$ cat data37.txt   # compact mmCIF, C-alpha atoms
# COMPACT_ATOMS: atom_id res chain seq x y z
CA MET F 3 121.58 100.68 169.15
CA ILE F 4 122.14 104.35 169.88
CA LYS F 5 125.48 104.18 168.10
CA LYS F 6 123.82 102.72 165.02
CA ILE F 7 121.18 105.46 165.03
CA LEU F 8 123.89 108.12 165.34
CA LEU F 9 125.75 106.66 162.35
CA ILE F 10 122.55 106.72 160.29
CA LEU F 11 121.86 110.32 161.30
CA ILE F 12 125.41 111.34 160.39
CA ASP F 13 125.04 109.70 156.98
CA LEU F 14 121.72 111.43 156.40
CA LEU F 15 123.22 114.74 157.47
CA CYS F 16 126.04 114.30 154.98
CA VAL F 17 123.55 113.53 152.24
CA PHE F 18 121.49 116.61 153.05
CA VAL F 19 124.59 118.82 153.17
CA CYS F 20 125.77 117.54 149.78
CA LEU F 21 122.30 117.98 148.34
CA PHE F 22 122.11 121.52 149.70
CA PHE F 23 125.42 122.55 148.16
CA SER F 24 124.55 120.82 144.87
CA ILE F 25 121.28 122.71 144.59
CA SER F 26 122.97 125.97 145.58
CA ALA F 27 125.67 125.44 142.95
CA TYR F 28 123.07 124.63 140.29
CA VAL F 29 121.02 127.73 141.09
CA ARG F 30 124.13 129.89 141.08
CA TYR F 31 125.33 128.29 137.83
CA ARG F 32 121.94 128.80 136.21
CA GLU F 33 121.93 132.46 137.17
CA ASP F 34 125.57 133.21 136.25
CA TYR F 35 125.70 131.27 132.97
CA ILE F 36 123.72 131.60 129.76
CA ARG F 37 123.38 129.21 126.81
CA ILE F 38 124.31 130.91 123.56
CA PRO F 39 125.20 129.92 119.96
CA ILE F 40 128.84 129.89 118.85
CA ALA F 41 130.54 129.01 115.54
CA SER F 42 130.71 125.25 114.94
CA HIS F 43 133.58 125.71 112.47
CA GLN F 44 135.55 128.47 110.76
CA LEU F 45 133.19 130.98 109.16
CA TYR F 46 134.74 133.10 106.43
CA GLN F 47 133.68 136.45 105.02
CA ARG F 48 130.47 136.46 102.94
CA THR F 49 129.32 133.14 104.45
CA GLN F 50 125.57 132.88 105.01
CA ILE F 51 125.06 131.34 108.44
CA LYS F 52 122.85 128.26 108.66
CA GLU F 53 121.80 125.90 111.44
CA GLU F 54 124.79 123.59 110.95
CA ASP F 55 127.16 126.53 111.43
CA LEU F 56 126.14 126.94 115.08
CA ILE F 57 126.40 124.94 118.28
CA MET F 58 125.08 125.86 121.71
CA THR F 59 127.31 126.28 124.75
CA ASP F 60 127.13 127.74 128.26
CA VAL F 61 129.23 130.82 129.01
CA PRO F 62 129.39 133.16 132.04
CA ARG F 63 127.07 136.14 131.68
CA ALA F 64 129.83 138.40 132.96
CA TYR F 65 131.90 137.64 129.82
CA LEU F 66 129.22 138.85 127.41
CA SER F 67 128.98 142.36 126.04
CA GLU F 68 125.85 143.87 124.48
CA ASP F 69 127.28 143.20 121.01
CA VAL F 70 127.30 139.40 121.46
CA CYS F 71 124.46 137.49 119.78
CA THR F 72 122.71 135.31 122.36
CA ASP F 73 119.80 134.08 120.24
CA LYS F 74 119.98 131.96 117.06
CA LYS F 75 117.16 133.98 115.53
CA GLU F 76 119.37 137.06 115.28
CA ILE F 77 122.08 135.06 113.49
CA LEU F 78 120.50 132.55 111.09
CA GLY F 79 120.26 133.74 107.49
CA LYS F 80 122.71 136.59 107.94
CA TYR F 81 126.15 136.87 106.34
CA VAL F 82 129.63 137.30 107.79
CA LYS F 83 130.76 140.77 106.76
CA LEU F 84 133.54 141.35 104.28
CA SER F 85 136.98 141.38 106.00
CA TYR F 86 135.55 139.47 109.00
CA SER F 87 136.21 135.84 109.95
CA LEU F 88 134.78 133.83 112.86
CA ALA F 89 137.00 131.09 114.27
CA LYS F 90 135.61 127.75 115.40
CA GLY F 91 134.15 128.09 118.90
CA SER F 92 134.16 131.90 118.84
CA LEU F 93 131.38 134.17 120.05
CA ILE F 94 129.31 135.75 117.29
CA TYR F 95 129.15 139.54 117.41
CA LYS F 96 126.38 141.61 115.90
CA GLY F 97 128.94 143.90 114.29
CA ALA F 98 130.36 140.98 112.28
CA LEU F 99 127.04 140.21 110.58
CA GLU F 100 124.94 141.75 107.86
CA GLU F 101 121.96 140.73 105.73
CA GLY F 102 120.62 141.17 102.24
CA MET F 103 123.74 140.26 100.19
CA ARG F 104 122.32 139.08 96.86
CA ASP F 105 125.43 138.72 94.68
CA LEU F 106 128.25 137.82 97.04
CA SER F 107 130.98 137.61 94.40
CA LEU F 108 130.54 141.31 93.54
CA THR F 109 131.67 142.31 97.03
CA LEU F 110 135.20 141.16 96.19
CA LEU F 111 135.44 143.18 92.97
CA LYS F 112 137.51 146.34 92.82
CA GLU F 113 136.59 149.42 90.81
CA GLY F 114 136.68 148.69 87.08
CA GLU F 115 136.62 144.91 87.52
CA VAL F 116 133.96 142.43 86.41
CA SER F 117 133.25 138.83 87.37
CA TYR F 118 133.94 136.30 84.59
CA ASP F 119 132.67 132.71 84.90
CA LEU F 120 134.86 129.80 83.87
CA TYR F 121 133.14 126.42 83.60
CA ALA F 122 135.15 123.46 84.87
CA SER F 123 133.84 121.41 81.93
CA GLU F 124 135.35 123.89 79.44
CA VAL F 125 138.74 124.73 80.99
CA LYS F 126 141.56 122.75 82.54
CA VAL F 127 141.62 123.59 86.25
CA ASN F 128 142.33 121.84 89.55
CA THR F 129 139.31 123.03 91.53
CA GLY F 130 140.54 121.28 94.67
CA ILE F 131 143.10 124.01 95.39
CA LEU F 132 140.83 126.99 94.75
CA SER F 133 139.39 129.35 97.34
CA PRO F 134 138.04 132.93 97.26
CA ASN F 135 140.73 135.62 96.92
CA LEU F 136 143.28 133.17 95.54
CA SER F 137 144.98 134.57 92.40
CA VAL F 138 145.33 132.36 89.35
CA ASP F 139 146.98 132.62 85.93
CA VAL F 140 145.09 131.81 82.74
CA TYR F 141 146.92 130.17 79.81
CA LEU F 142 145.64 129.84 76.25
CA ASN F 143 146.45 126.75 74.20
CA ILE F 144 145.94 126.89 70.43
CA LYS F 145 146.55 124.18 67.83
CA THR F 146 147.42 125.40 64.35
CA ASN F 147 148.15 123.45 61.18
CA ASP F 148 151.88 123.31 61.86
CA LYS F 149 152.30 123.75 65.63
CA THR F 150 150.72 124.02 69.05
CA LEU F 151 150.96 127.28 70.96
CA SER F 152 150.62 127.67 74.73
CA ASP F 153 151.17 131.00 76.41
CA LEU F 154 150.23 133.01 79.50
CA LEU F 155 147.18 135.10 78.63
CA LEU F 156 146.12 136.73 81.93
CA SER F 157 147.93 136.79 85.27
CA HIS F 158 146.74 137.59 88.82
CA CYS F 159 143.04 136.84 88.26
CA ARG F 160 141.46 136.68 91.72
CA VAL F 161 138.90 133.96 92.44
CA VAL F 162 135.75 135.71 93.68
CA GLY F 163 133.31 132.80 93.73
CA LEU F 164 132.99 129.01 93.51
CA TYR F 165 129.66 127.43 92.53
CA ASP F 166 128.03 124.07 91.84
CA MET F 167 126.10 123.17 88.69
CA GLN F 168 122.95 124.91 90.00
CA GLY F 169 124.88 128.13 90.58
CA ARG F 170 124.80 127.78 94.36
CA PRO F 171 127.90 129.08 96.17
CA ILE F 172 130.18 126.41 97.62
CA ARG F 173 131.43 127.19 101.11
CA GLU F 174 134.99 126.57 102.30
CA TYR F 175 134.16 123.62 104.53
CA GLN F 176 132.04 121.83 101.88
CA THR F 177 134.94 119.75 100.60
CA ASP F 178 132.63 117.07 99.20
CA GLN F 179 130.88 119.49 96.84
CA ARG F 180 131.94 119.48 93.19
CA ILE F 181 132.96 122.89 91.87
CA MET F 182 131.54 123.49 88.40
CA ILE F 183 131.86 127.28 88.01
CA VAL F 184 134.85 129.43 88.95
CA SER F 185 134.30 133.20 88.93
CA ILE F 186 137.42 135.31 88.48
CA ALA F 187 137.93 139.08 88.66
CA VAL F 188 139.18 140.61 85.41
CA GLU F 189 139.24 144.04 83.81
CA LYS F 190 136.30 144.93 81.55
CA SER F 191 138.60 144.91 78.53
CA HIS F 192 139.55 141.29 79.24
CA VAL F 193 136.03 139.94 78.69
CA ALA F 194 136.19 140.11 74.90
CA ILE F 195 139.67 138.56 74.96
CA LEU F 196 138.52 135.63 77.08
CA ASN F 197 135.46 135.08 74.88
CA LYS F 198 137.65 134.93 71.76
CA ALA F 199 140.17 132.71 73.54
CA LEU F 200 137.50 130.12 74.36
CA MET F 201 136.54 129.97 70.69
CA ALA F 202 140.11 129.91 69.40
CA GLY F 203 141.49 127.22 71.71
CA SER F 204 141.39 125.91 75.27
CA LEU F 205 142.14 127.60 78.58
CA SER F 206 144.18 126.27 81.48
CA VAL F 207 144.07 127.78 84.95
CA PHE F 208 147.01 127.54 87.36
CA ALA F 209 147.90 128.91 90.78
CA GLY F 210 151.29 130.62 90.76
CA GLU F 211 153.89 131.67 93.33
CA GLU F 212 152.03 134.93 94.01
CA SER F 213 148.63 133.29 94.40
CA TYR F 214 148.01 134.77 97.86
CA ASP F 215 148.70 138.36 96.85
CA SER F 216 145.12 139.65 96.70
CA GLU F 217 146.15 143.26 96.05
CA LYS F 218 147.16 142.71 92.43
CA ARG F 219 144.72 142.99 89.54
CA ALA F 220 144.35 140.85 86.43
CA LYS F 221 146.94 141.76 83.82
CA LEU F 222 147.06 140.91 80.12
CA ASN F 223 150.31 139.42 78.81
CA GLU F 224 150.74 141.77 75.87
CA GLU F 225 153.78 139.81 74.64
CA ALA F 226 151.86 136.54 74.33
CA GLU F 227 152.25 135.00 70.89
CA VAL F 228 148.69 133.66 71.02
CA LEU F 229 147.25 137.21 70.95
CA MET F 230 147.65 137.35 67.17
CA TYR F 231 145.01 134.60 66.90
CA LEU F 232 142.49 136.67 68.86
CA GLN F 233 142.31 139.62 66.47
$ encode --input "data37.txt" --output "structure tokens"
Amino acid sequence: MIKKILLILIDLLCVFVCLFFSISAYVRYREDYIRIPIASHQLYQRTQIKEEDLIMTDVPRAYLSEDVCTDKKEILGKYVKLSYSLAKGSLIYKGALEEGMRDLSLTLLKEGEVSYDLYASEVKVNTGILSPNLSVDVYLNIKTNDKTLSDLLLSHCRVVGLYDMQGRPIREYQTDQRIMIVSIAVEKSHVAILNKALMAGSLSVFAGEESYDSEKRAKLNEEAEVLMYLQ
């Protein structure tokens, strides 16, 4: 009988010891860790952060600096700054965010450039391969009475915006959204040429071998035979 009582007491003691250490660990964990929002997927420059862009996770307080955002309220609605990118699962720093960007495509324009909108319904373009800062070449196709002309019109036109039919920007991870408007960066002098080209024939947009060289600017092919039809 005494032996049975001792066994029960030992079991109870073990339970109490385990419970004590579990509670101690929980208290210590609660004090040393904090639940904060992190990026749920890759967030590129100029992206406006919404609820679906964030997930909550627990991280040690000791790892956090004063520049880390710990509250969703200081993140939601703001934009990822130009030249910044937040990887999936990364902490979100205050210095990587800004607010009040009304026309996002203009932030990618260089001095002397303007944003020109191409409608997917009016030009031949594979929108599935496009992304901001990708450079594309624009070809003009003209049918005359005796022949059909097709020539490079503008090269190195950077994509500065992708939009749906309502003019809402399409974000990089929204692969199911249909791109209807492609904004490209061109020189001011190219606007009149593109307007005439749309009336004279049809435009085709292609990505070339230098598509990822974002330093180049749009350039007119002055030797294009189709230019004579744009006078």
$ atom_distance --input "data37.txt" --atom1 "CA of Val125 in chain F" --atom2 "CA of Leu200 in chain F"
8.6 Å
$ residues_around --input "data37.txt" --residues "Pro171 in chain F" --least-positions-apart "6" --cutoff "12 Å" --atoms "all atoms listed in the file" --output "PyMOL selection string"
chain F and resi 48-50+104-107+133-134+162-165+179-185
$ atom_distance --input "data37.txt" --atom1 "CA of Leu56 in chain F" --atom2 "CA of Ser42 in chain F"
4.9 Å
$ closest_residue --input "data37.txt" --among "F:Glu189, F:Val161, F:Asn143, F:Asp60" --to "Glu115 in chain F" --atoms "all atoms listed in the file"
F:Glu189
$ axis_aligned_box --input "data37.txt" --around "range 110-114 of chain F" --padding-each-side "6 Å" --output "lines of an AutoDock Vina configuration file"
center_x = 136.4
center_y = 145.3
center_z = 91.6
size_x = 14.3
size_y = 20.3
size_z = 21.1
$ atom_distance --input "data37.txt" --atom1 "CA of Ser157 in chain F" --atom2 "CA of Asp119 in chain F"
15.8 Å
